[in-house]
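For reference, run.tsv is printed below; it contains TSV, C-alpha atoms.
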chain	number	residue	atom	x	y	z
A	1	MET	CA	-17.21	-51.78	4.99
A	2	ALA	CA	-20.12	-49.39	4.49
A	3	GLN	CA	-20.02	-48.67	8.20
A	4	ASN	CA	-16.28	-47.98	8.00
A	5	ARG	CA	-16.85	-45.53	5.19
A	6	GLU	CA	-19.60	-43.78	7.10
A	7	ARG	CA	-17.44	-43.44	10.18
A	8	ARG	CA	-14.55	-42.19	8.06
A	9	ASP	CA	-16.78	-39.51	6.52
A	10	LEU	CA	-18.14	-38.54	9.93
A	11	LEU	CA	-14.57	-38.10	11.20
A	12	ARG	CA	-13.60	-36.02	8.18
A	13	ASP	CA	-16.71	-33.83	8.44
A	14	THR	CA	-16.01	-33.34	12.12
A	15	ALA	CA	-12.40	-32.37	11.32
A	16	ILE	CA	-13.78	-29.63	9.04
A	17	ASP	CA	-16.05	-28.34	11.83
A	18	VAL	CA	-13.19	-28.35	14.35
A	19	LEU	CA	-10.98	-26.42	11.90
A	20	ALA	CA	-13.72	-23.90	11.16
A	21	GLU	CA	-14.70	-23.33	14.77
A	22	GLY	CA	-11.34	-23.28	16.52
A	23	GLY	CA	-8.61	-22.90	13.93
A	24	ALA	CA	-5.89	-25.29	12.79
A	25	HIS	CA	-4.24	-25.68	16.19
A	26	ARG	CA	-7.47	-27.16	17.60
A	27	LEU	CA	-7.39	-29.97	15.04
A	28	THR	CA	-6.16	-32.84	17.20
A	29	HIS	CA	-7.26	-36.48	17.15
A	30	ARG	CA	-8.71	-36.08	20.62
A	31	ASN	CA	-10.79	-33.02	19.70
A	32	VAL	CA	-12.18	-34.79	16.64
A	33	ASP	CA	-13.12	-37.88	18.69
A	34	ARG	CA	-14.82	-35.68	21.28
A	35	ALA	CA	-16.72	-33.54	18.77
A	36	ALA	CA	-17.84	-36.65	16.86
A	37	GLU	CA	-18.87	-38.34	20.15
A	38	LEU	CA	-16.72	-41.36	19.38
A	39	PRO	CA	-14.38	-43.27	21.72
A	40	VAL	CA	-10.91	-41.77	22.23
A	41	GLY	CA	-8.55	-43.33	19.69
A	42	THR	CA	-11.04	-43.59	16.82
A	43	ALA	CA	-9.65	-40.68	14.73
A	44	LYS	CA	-6.08	-41.91	15.32
A	45	ASN	CA	-7.13	-45.34	14.12
A	46	TYR	CA	-8.31	-43.95	10.76
A	47	PHE	CA	-5.74	-41.16	10.36
A	48	PRO	CA	-2.60	-42.13	12.33
A	49	THR	CA	-0.72	-38.80	12.15
A	50	ARG	CA	-1.68	-35.13	12.34
A	51	ASP	CA	-0.57	-34.76	8.71
A	52	ALA	CA	-2.92	-37.59	7.72
A	53	LEU	CA	-5.74	-35.84	9.58
A	54	LEU	CA	-5.06	-32.54	7.79
A	55	LEU	CA	-4.91	-34.25	4.39
A	56	ALA	CA	-8.14	-36.12	5.14
A	57	ALA	CA	-9.84	-32.84	6.01
A	58	ALA	CA	-8.52	-31.22	2.81
A	59	GLU	CA	-9.77	-34.13	0.69
A	60	ARG	CA	-13.19	-33.97	2.30
A	61	VAL	CA	-13.38	-30.18	1.87
A	62	TYR	CA	-12.91	-30.68	-1.81
A	63	GLN	CA	-15.21	-33.67	-2.12
A	64	ARG	CA	-18.02	-31.60	-0.62
A	65	TYR	CA	-17.24	-28.68	-2.92
A	66	LEU	CA	-17.40	-30.89	-6.01
A	67	ALA	CA	-20.67	-32.46	-4.86
A	68	ASP	CA	-22.08	-28.97	-4.40
A	69	GLN	CA	-20.93	-27.91	-7.85
A	70	ASP	CA	-22.41	-31.01	-9.47
A	71	GLN	CA	-25.71	-30.16	-7.90
A	72	LEU	CA	-25.48	-26.50	-8.95
A	73	THR	CA	-24.56	-27.28	-12.53
A	74	VAL	CA	-26.90	-30.21	-13.20
A	75	ALA	CA	-28.10	-27.91	-15.95
A	76	MET	CA	-24.97	-26.12	-17.21
A	77	PRO	CA	-25.44	-22.38	-17.86
A	78	THR	CA	-26.26	-21.72	-21.50
A	79	ASN	CA	-25.90	-17.94	-21.50
A	80	ARG	CA	-24.39	-14.98	-19.65
A	81	GLY	CA	-27.39	-14.55	-17.32
A	82	ASP	CA	-27.30	-18.22	-16.29
A	83	LEU	CA	-23.58	-17.99	-15.58
A	84	VAL	CA	-24.11	-14.95	-13.35
A	85	ALA	CA	-26.85	-16.80	-11.46
A	86	VAL	CA	-24.68	-19.91	-10.91
A	87	LEU	CA	-21.69	-17.86	-9.68
A	88	ALA	CA	-23.84	-15.71	-7.39
A	89	GLU	CA	-25.36	-18.85	-5.88
A	90	LEU	CA	-21.89	-20.36	-5.38
A	91	ILE	CA	-20.87	-17.26	-3.44
A	92	ARG	CA	-24.14	-17.13	-1.51
A	93	ARG	CA	-23.66	-20.71	-0.32
A	94	GLY	CA	-20.06	-19.92	0.56
A	95	THR	CA	-21.26	-17.46	3.17
A	96	SER	CA	-24.12	-19.56	4.53
A	97	THR	CA	-24.39	-23.35	4.42
A	98	ASP	CA	-20.91	-23.69	2.96
A	99	ARG	CA	-19.12	-21.34	5.36
A	100	PRO	CA	-17.48	-24.03	7.60
A	101	ARG	CA	-15.97	-25.70	4.54
A	102	LEU	CA	-14.46	-22.44	3.30
A	103	VAL	CA	-13.12	-21.36	6.70
A	104	ALA	CA	-11.52	-24.81	6.99
A	105	LEU	CA	-10.02	-24.36	3.51
A	106	LEU	CA	-8.45	-21.05	4.56
A	107	GLU	CA	-6.97	-22.68	7.67
A	108	LEU	CA	-5.61	-25.49	5.47
A	109	HIS	CA	-3.95	-22.96	3.14
A	110	ALA	CA	-2.20	-21.38	6.11
A	111	GLU	CA	-1.03	-24.83	7.26
A	112	ALA	CA	0.15	-25.63	3.72
A	113	MET	CA	2.88	-22.97	4.04
A	114	ARG	CA	4.74	-25.42	6.26
A	115	ARG	CA	3.51	-28.77	4.83
A	116	PRO	CA	4.61	-29.79	1.30
A	117	GLU	CA	2.18	-32.70	0.89
A	118	LEU	CA	-0.82	-30.57	1.85
A	119	SER	CA	0.48	-27.84	-0.46
A	120	ARG	CA	0.55	-30.28	-3.41
A	121	LEU	CA	-2.98	-31.46	-2.66
A	122	LEU	CA	-4.36	-27.90	-2.51
A	123	ALA	CA	-2.60	-27.03	-5.77
A	124	ARG	CA	-4.22	-30.00	-7.55
A	125	GLN	CA	-7.58	-28.92	-6.22
A	126	THR	CA	-7.03	-25.39	-7.50
A	127	GLU	CA	-6.37	-26.81	-10.98
A	128	ILE	CA	-9.63	-28.78	-10.87
A	129	ASP	CA	-11.39	-25.60	-9.76
A	130	PHE	CA	-9.92	-23.59	-12.66
A	131	ALA	CA	-11.02	-26.30	-15.10
A	132	MET	CA	-14.57	-26.01	-13.71
A	133	TYR	CA	-14.63	-22.24	-14.36
A	134	GLU	CA	-13.45	-22.83	-17.89
A	135	ARG	CA	-16.22	-25.40	-18.53
A	136	LEU	CA	-18.77	-22.93	-17.15
A	137	HIS	CA	-17.78	-20.05	-19.40
A	138	ARG	CA	-17.60	-22.29	-22.47
A	139	ALA	CA	-21.03	-23.78	-21.70
A	140	ALA	CA	-22.38	-20.24	-21.34
A	141	GLY	CA	-21.08	-19.48	-24.83
A	142	LEU	CA	-18.78	-16.67	-23.71
A	143	PRO	CA	-15.74	-16.14	-25.89
A	144	GLY	CA	-12.35	-16.17	-24.25
A	145	THR	CA	-9.16	-17.91	-23.36
A	146	THR	CA	-8.06	-20.04	-20.45
A	147	ALA	CA	-6.25	-17.00	-19.05
A	148	ARG	CA	-9.51	-15.08	-19.08
A	149	SER	CA	-11.44	-17.74	-17.19
A	150	ARG	CA	-8.69	-17.77	-14.57
A	151	VAL	CA	-9.11	-14.06	-13.95
A	152	LEU	CA	-12.76	-14.85	-13.25
A	153	ALA	CA	-11.86	-17.81	-10.99
A	154	ARG	CA	-9.29	-15.78	-9.03
A	155	THR	CA	-11.65	-12.84	-8.60
A	156	MET	CA	-14.29	-15.20	-7.21
A	157	GLN	CA	-11.75	-16.78	-4.86
A	158	SER	CA	-10.68	-13.42	-3.45
A	159	THR	CA	-14.32	-12.32	-3.13
A	160	LEU	CA	-15.12	-15.37	-1.04
A	161	LEU	CA	-12.18	-14.53	1.22
A	162	SER	CA	-13.58	-10.99	1.76
A	163	LEU	CA	-17.04	-12.35	2.49
A	164	LEU	CA	-15.65	-14.72	5.10
A	165	ALA	CA	-13.12	-12.44	6.77
A	166	HIS	CA	-14.62	-8.95	6.68
A	167	PRO	CA	-17.51	-7.48	8.70
A	168	GLU	CA	-20.83	-6.73	7.03
A	169	ASP	CA	-20.51	-2.93	6.86
A	170	ALA	CA	-17.15	-3.29	5.07
A	171	LEU	CA	-18.71	-5.56	2.48
A	172	ALA	CA	-21.01	-2.76	1.31
A	173	ALA	CA	-17.94	-0.59	0.64
A	174	GLN	CA	-16.61	-3.39	-1.54
A	175	GLY	CA	-19.85	-3.59	-3.52
A	176	LEU	CA	-20.66	-6.94	-1.95
A	177	ASP	CA	-24.03	-5.98	-0.51
A	178	ASP	CA	-25.58	-6.68	-3.94
A	179	LEU	CA	-24.09	-10.05	-4.88
A	180	ASP	CA	-25.93	-10.46	-8.19
A	181	GLY	CA	-24.96	-6.97	-9.34
A	182	PHE	CA	-21.41	-7.55	-8.21
A	183	VAL	CA	-21.06	-10.86	-10.06
A	184	ARG	CA	-22.66	-9.38	-13.20
A	185	GLY	CA	-20.08	-6.57	-13.10
A	186	VAL	CA	-17.23	-9.04	-12.77
A	187	VAL	CA	-18.47	-11.26	-15.60
A	188	ASP	CA	-18.97	-8.21	-17.86
A	189	THR	CA	-15.45	-7.00	-17.03
A	190	VAL	CA	-13.83	-10.33	-17.81
A	191	TYR	CA	-16.04	-11.11	-20.84
A	192	PRO	CA	-16.99	-7.75	-22.40
A	193	PRO	CA	-20.54	-8.06	-23.79
B	1	MET	CA	10.54	7.76	23.41
B	2	ALA	CA	12.53	6.94	20.29
B	3	GLN	CA	13.83	3.86	22.06
B	4	ASN	CA	10.29	2.85	22.98
B	5	ARG	CA	9.23	3.16	19.38
B	6	GLU	CA	12.15	1.08	18.21
B	7	ARG	CA	11.41	-1.64	20.70
B	8	ARG	CA	7.75	-1.57	19.75
B	9	ASP	CA	8.66	-2.02	16.08
B	10	LEU	CA	11.10	-4.80	16.92
B	11	LEU	CA	8.34	-6.62	18.83
B	12	ARG	CA	5.87	-6.18	15.98
B	13	ASP	CA	8.38	-7.37	13.37
B	14	THR	CA	9.18	-10.36	15.54
B	15	ALA	CA	5.46	-11.12	15.86
B	16	ILE	CA	5.29	-11.27	12.05
B	17	ASP	CA	8.23	-13.68	11.91
B	18	VAL	CA	6.70	-15.89	14.59
B	19	LEU	CA	3.38	-15.99	12.70
B	20	ALA	CA	5.09	-16.78	9.41
B	21	GLU	CA	7.34	-19.48	10.79
B	22	GLY	CA	5.06	-21.28	13.19
B	23	GLY	CA	1.46	-20.25	12.47
B	24	ALA	CA	-1.01	-18.29	14.54
B	25	HIS	CA	-1.03	-20.62	17.54
B	26	ARG	CA	2.70	-19.98	18.07
B	27	LEU	CA	2.09	-16.27	18.49
B	28	THR	CA	2.36	-15.93	22.27
B	29	HIS	CA	3.95	-13.13	24.29
B	30	ARG	CA	6.61	-15.54	25.52
B	31	ASN	CA	7.55	-16.71	22.01
B	32	VAL	CA	7.86	-13.11	20.81
B	33	ASP	CA	10.08	-12.18	23.78
B	34	ARG	CA	12.26	-15.20	23.15
B	35	ALA	CA	12.58	-14.66	19.37
B	36	ALA	CA	13.34	-10.95	19.90
B	37	GLU	CA	15.90	-11.84	22.59
B	38	LEU	CA	14.16	-9.56	25.10
B	39	PRO	CA	13.38	-10.23	28.79
B	40	VAL	CA	10.23	-12.24	29.49
B	41	GLY	CA	7.37	-9.80	30.00
B	42	THR	CA	8.44	-7.21	27.41
B	43	ALA	CA	5.84	-8.07	24.75
B	44	LYS	CA	3.10	-8.26	27.39
B	45	ASN	CA	4.14	-4.80	28.60
B	46	TYR	CA	3.56	-3.29	25.14
B	47	PHE	CA	0.62	-5.45	24.05
B	48	PRO	CA	-1.21	-6.67	27.16
B	49	THR	CA	-3.55	-9.23	25.55
B	50	ARG	CA	-3.25	-11.76	22.76
B	51	ASP	CA	-5.81	-9.75	20.77
B	52	ALA	CA	-3.60	-6.64	21.15
B	53	LEU	CA	-0.63	-8.65	19.92
B	54	LEU	CA	-2.54	-9.89	16.86
B	55	LEU	CA	-3.77	-6.37	16.05
B	56	ALA	CA	-0.23	-4.99	16.46
B	57	ALA	CA	1.07	-7.60	14.04
B	58	ALA	CA	-1.70	-6.78	11.55
B	59	GLU	CA	-0.94	-3.06	11.74
B	60	ARG	CA	2.75	-3.68	11.20
B	61	VAL	CA	2.09	-6.02	8.27
B	62	TYR	CA	0.24	-3.21	6.59
B	63	GLN	CA	2.70	-0.49	7.51
B	64	ARG	CA	5.46	-2.49	5.85
B	65	TYR	CA	3.31	-3.13	2.77
B	66	LEU	CA	2.58	0.60	2.38
B	67	ALA	CA	6.25	1.49	2.80
B	68	ASP	CA	7.08	-1.05	0.12
B	69	GLN	CA	4.46	0.39	-2.21
B	70	ASP	CA	5.66	3.95	-1.67
B	71	GLN	CA	9.12	2.84	-2.67
B	72	LEU	CA	7.84	0.93	-5.71
B	73	THR	CA	5.68	3.78	-6.94
B	74	VAL	CA	8.02	6.73	-6.31
B	75	ALA	CA	7.54	7.17	-10.02
B	76	MET	CA	3.92	6.24	-10.73
B	77	PRO	CA	3.42	4.13	-13.87
B	78	THR	CA	2.54	6.31	-16.86
B	79	ASN	CA	1.54	3.59	-19.30
B	80	ARG	CA	0.43	-0.04	-19.59
B	81	GLY	CA	3.98	-1.41	-19.74
B	82	ASP	CA	4.97	0.45	-16.56
B	83	LEU	CA	1.90	-0.85	-14.76
B	84	VAL	CA	2.75	-4.44	-15.73
B	85	ALA	CA	6.31	-3.94	-14.46
B	86	VAL	CA	5.15	-2.52	-11.09
B	87	LEU	CA	2.62	-5.33	-10.54
B	88	ALA	CA	5.10	-8.04	-11.52
B	89	GLU	CA	7.63	-6.59	-9.10
B	90	LEU	CA	4.99	-6.47	-6.32
B	91	ILE	CA	4.33	-10.19	-6.86
B	92	ARG	CA	8.02	-11.03	-7.13
B	93	ARG	CA	8.71	-9.40	-3.77
B	94	GLY	CA	5.72	-11.19	-2.31
B	95	THR	CA	7.43	-14.50	-2.92
B	96	SER	CA	10.92	-13.45	-1.82
B	97	THR	CA	11.77	-10.64	0.61
B	98	ASP	CA	8.13	-10.02	1.38
B	99	ARG	CA	7.09	-13.64	1.94
B	100	PRO	CA	7.03	-13.58	5.79
B	101	ARG	CA	4.72	-10.56	5.73
B	102	LEU	CA	2.28	-12.28	3.37
B	103	VAL	CA	2.28	-15.60	5.21
B	104	ALA	CA	1.58	-13.66	8.42
B	105	LEU	CA	-1.27	-11.85	6.64
B	106	LEU	CA	-2.83	-15.18	5.64
B	107	GLU	CA	-2.59	-16.42	9.24
B	108	LEU	CA	-4.22	-13.17	10.39
B	109	HIS	CA	-7.10	-13.64	7.93
B	110	ALA	CA	-7.73	-17.11	9.35
B	111	GLU	CA	-7.69	-15.66	12.89
B	112	ALA	CA	-10.06	-12.88	11.81
B	113	MET	CA	-12.85	-15.46	11.28
B	114	ARG	CA	-13.18	-15.59	15.04
B	115	ARG	CA	-12.08	-12.02	16.00
B	116	PRO	CA	-14.33	-9.07	15.02
B	117	GLU	CA	-11.79	-6.30	15.77
B	118	LEU	CA	-9.11	-7.94	13.67
B	119	SER	CA	-11.69	-8.52	10.94
B	120	ARG	CA	-12.53	-4.78	10.88
B	121	LEU	CA	-8.85	-3.84	10.67
B	122	LEU	CA	-8.18	-6.22	7.77
B	123	ALA	CA	-11.26	-4.89	5.93
B	124	ARG	CA	-10.01	-1.28	6.25
B	125	GLN	CA	-6.64	-2.37	4.92
B	126	THR	CA	-8.29	-4.08	1.95
B	127	GLU	CA	-10.06	-0.81	1.11
B	128	ILE	CA	-6.74	1.09	1.20
B	129	ASP	CA	-5.29	-1.61	-1.04
B	130	PHE	CA	-8.14	-1.30	-3.55
B	131	ALA	CA	-7.67	2.49	-3.62
B	132	MET	CA	-3.99	1.96	-4.45
B	133	TYR	CA	-4.85	-0.26	-7.43
B	134	GLU	CA	-7.24	2.38	-8.68
B	135	ARG	CA	-4.58	5.11	-8.43
B	136	LEU	CA	-2.18	2.87	-10.34
B	137	HIS	CA	-4.50	2.21	-13.27
B	138	ARG	CA	-5.51	5.87	-13.49
B	139	ALA	CA	-1.86	7.00	-13.42
B	140	ALA	CA	-1.12	4.49	-16.17
B	141	GLY	CA	-3.85	6.10	-18.27
B	142	LEU	CA	-5.97	2.97	-18.59
B	143	PRO	CA	-9.67	3.56	-19.01
B	144	GLY	CA	-12.02	1.88	-16.61
B	145	THR	CA	-14.20	1.90	-13.57
B	146	THR	CA	-13.61	1.22	-9.90
B	147	ALA	CA	-15.20	-2.21	-10.40
B	148	ARG	CA	-12.62	-2.98	-13.10
B	149	SER	CA	-9.66	-2.05	-10.92
B	150	ARG	CA	-11.05	-4.31	-8.19
B	151	VAL	CA	-11.07	-7.30	-10.53
B	152	LEU	CA	-7.37	-6.57	-11.08
B	153	ALA	CA	-6.72	-6.20	-7.32
B	154	ARG	CA	-8.58	-9.42	-6.49
B	155	THR	CA	-6.80	-11.38	-9.22
B	156	MET	CA	-3.44	-10.21	-7.85
B	157	GLN	CA	-4.48	-11.15	-4.31
B	158	SER	CA	-5.46	-14.67	-5.33
B	159	THR	CA	-2.28	-15.03	-7.38
B	160	LEU	CA	-0.16	-14.17	-4.35
B	161	LEU	CA	-2.00	-16.84	-2.38
B	162	SER	CA	-1.16	-19.45	-5.05
B	163	LEU	CA	2.48	-18.38	-5.10
B	164	LEU	CA	2.71	-18.74	-1.34
B	165	ALA	CA	0.75	-21.95	-0.85
B	166	HIS	CA	1.44	-24.09	-3.92
B	167	PRO	CA	4.60	-26.01	-4.90
B	168	GLU	CA	6.75	-24.80	-7.78
B	169	ASP	CA	5.71	-27.41	-10.37
B	170	ALA	CA	2.05	-26.53	-9.82
B	171	LEU	CA	2.78	-22.85	-10.46
B	172	ALA	CA	3.87	-23.63	-14.03
B	173	ALA	CA	0.47	-25.25	-14.66
B	174	GLN	CA	-1.15	-22.00	-13.50
B	175	GLY	CA	1.00	-19.94	-15.88
B	176	LEU	CA	2.95	-18.50	-12.96
B	177	ASP	CA	6.39	-19.58	-14.13
B	178	ASP	CA	6.49	-16.47	-16.35
B	179	LEU	CA	5.36	-13.70	-14.01
B	180	ASP	CA	5.73	-10.82	-16.47
B	181	GLY	CA	3.79	-12.65	-19.16
B	182	PHE	CA	1.16	-13.66	-16.62
B	183	VAL	CA	0.66	-10.11	-15.31
B	184	ARG	CA	0.54	-8.73	-18.87
B	185	GLY	CA	-2.22	-11.23	-19.69
B	186	VAL	CA	-4.21	-10.21	-16.62
B	187	VAL	CA	-3.86	-6.48	-17.31
B	188	ASP	CA	-4.88	-6.98	-20.97
B	189	THR	CA	-7.92	-9.03	-19.86
B	190	VAL	CA	-9.08	-6.42	-17.35
B	191	TYR	CA	-8.22	-3.40	-19.56
B	192	PRO	CA	-8.61	-4.55	-23.18
B	193	PRO	CA	-5.92	-2.75	-25.28

Once you've parsed the file, please lay out its structure as structure tokens.
Amino acid sequence: MAQNRERRDLLRDTAIDVLAEGGAHRLTHRNVDRAAELPVGTAKNYFPTRDALLLAAAERVYQRYLADQDQLTVAMPTNRGDLVAVLAELIRRGTSTDRPRLVALLELHAEAMRRPELSRLLARQTEIDFAMYERLHRAAGLPGTTARSRVLARTMQSTLLSLLAHPEDALAAQGLDDLDGFVRGVVDTVYPP
Amino acid sequence: MAQNRERRDLLRDTAIDVLAEGGAHRLTHRNVDRAAELPVGTAKNYFPTRDALLLAAAERVYQRYLADQDQLTVAMPTNRGDLVAVLAELIRRGTSTDRPRLVALLELHAEAMRRPELSRLLARQTEIDFAMYERLHRAAGLPGTTARSRVLARTMQSTLLSLLAHPEDALAAQGLDDLDGFVRGVVDTVYPP
């Protein structure tokens, strides 16, 4: 059973890499088997349809995100400065170690336009994400409503998209060459000191 | 020449529809010719490579967005209530008449991860978009910095993504079943009354 779970996770991680490197249309059972160096038919055995493969990738994307968050917030932020540091680190990871996961997530959002089940899964994940932002701002002792924490969450989401999709020189024009300063500005806008 | 321009626009509009309906991997010269009911070879004649076709679609996406904005802001907003109405209408169009354009834009962002020229084009368009938000808030007489207007722009961008990618029942949970109320809340968060 443990071996099954390991193989399942390997297949799902590989699906994320295939999505990130080649785009959604490259995500086929055969490409996952090949990239994972497993016998042809293995991915199909675990995830019989292409929809199942996409949903498995989406679930894994989120599982990895939550694990990352747990690690980042072992000590919850207790003030404004802590919150800025946690958010800046979240963004920094998004453009380095965490980049494949986020590129895969963007590909999955594009696929979700034509796939209701995937769309429902991504929506549930967004709600969990919003709840996380709300816990963070409350732990940091910042005043504010749910609506306010969602402005913060949405601004972060859009910022990650810029960091992934735009070239470096354009990021400076968007104030994203100084991530800590940028995040501090956003937090101060959403939660006036 | 006028006929050439018309045909060029027809091809670019068709490229947007193909992207929106089938995803990026369906955007081939042959599929555009077929959907536009033009002889095989026409799209290739105007846009010789797949990169050229993607860039043409991206340019057209933006041209249509700017035309839409011009129409929406013939009379610039002169107060907070006007600004809320303009932004709510922008979002409303994004989920109805303007949906194909926005789905195509999401597909183009995913493609841009692997295509530097497309990435540069999308970044320039984002800057134009940010400048528009800044003009809007200044016209409406709201106090605030460039950084503040970008929080508004990014929140709107992320909201459009939710409206496109998530199912209707999930939108209610995100407060997006009452668009006017939602936009008012966002504007009041970013520009405290």

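Contacts from chain A to chain B at a cut-off of 6 Å (all atoms listed in the file) map to Glu107, Ala110, Ala112, Met113, Ser119, Ala123, Val151, Arg154, Thr155, Ser158, Ala165 and His166 of chain A.
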
As a check of understanding: the span from CA of Asp129 in chain B to CA of Glu89 in chain B is 16.0 Å

Draw an axis-aligned box over all listed atoms of range 187-192 of chain A, pad each side with 5 Å, and write its centre and edge lengths in Å, one decimal, as JSON.
{"center_x": -16.4, "center_y": -9.1, "center_z": -19.0, "size_x": 15.1, "size_y": 14.3, "size_z": 16.8}

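Across B:Arg99, B:Arg135, B:Arg93, B:Arg34, the tightest approach to Leu179 in chain B is made by B:Arg93 when counting all atoms listed in the file.
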
Neighbours of Glu6 in chain B within 12 Å (all atoms listed in the file; same-chain residues fewer than 6 positions away dropped), as an mmCIF file with C-alpha atoms, keeping the file's coordinate frame?
data_model
loop_
_atom_site.group_PDB
_atom_site.id
_atom_site.type_symbol
_atom_site.label_atom_id
_atom_site.label_comp_id
_atom_site.auth_asym_id
_atom_site.auth_seq_id
_atom_site.Cartn_x
_atom_site.Cartn_y
_atom_site.Cartn_z
ATOM 1 C CA ARG B 12 5.870 -6.180 15.980
ATOM 2 C CA ASP B 13 8.380 -7.370 13.370
ATOM 3 C CA TYR B 46 3.560 -3.290 25.140
#

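Going from CA of Gly81 in chain B to CA of Leu136 in chain B covers 12.0 Å.
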
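The coordinates place CA of Phe47 in chain A at 27.8 Å from CA of Asp70 in chain A.
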
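The nearest approach to Glu37 in chain A among the residues A:Arg64, A:Arg7, A:Glu59, A:Val84, with all atoms listed in the file taken into account, belongs to A:Arg7.
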
Non-local contacts of Arg60 in chain B (10 Å; only C-alpha atoms; under 3 positions in same chain excluded) as a count of residues only: 15
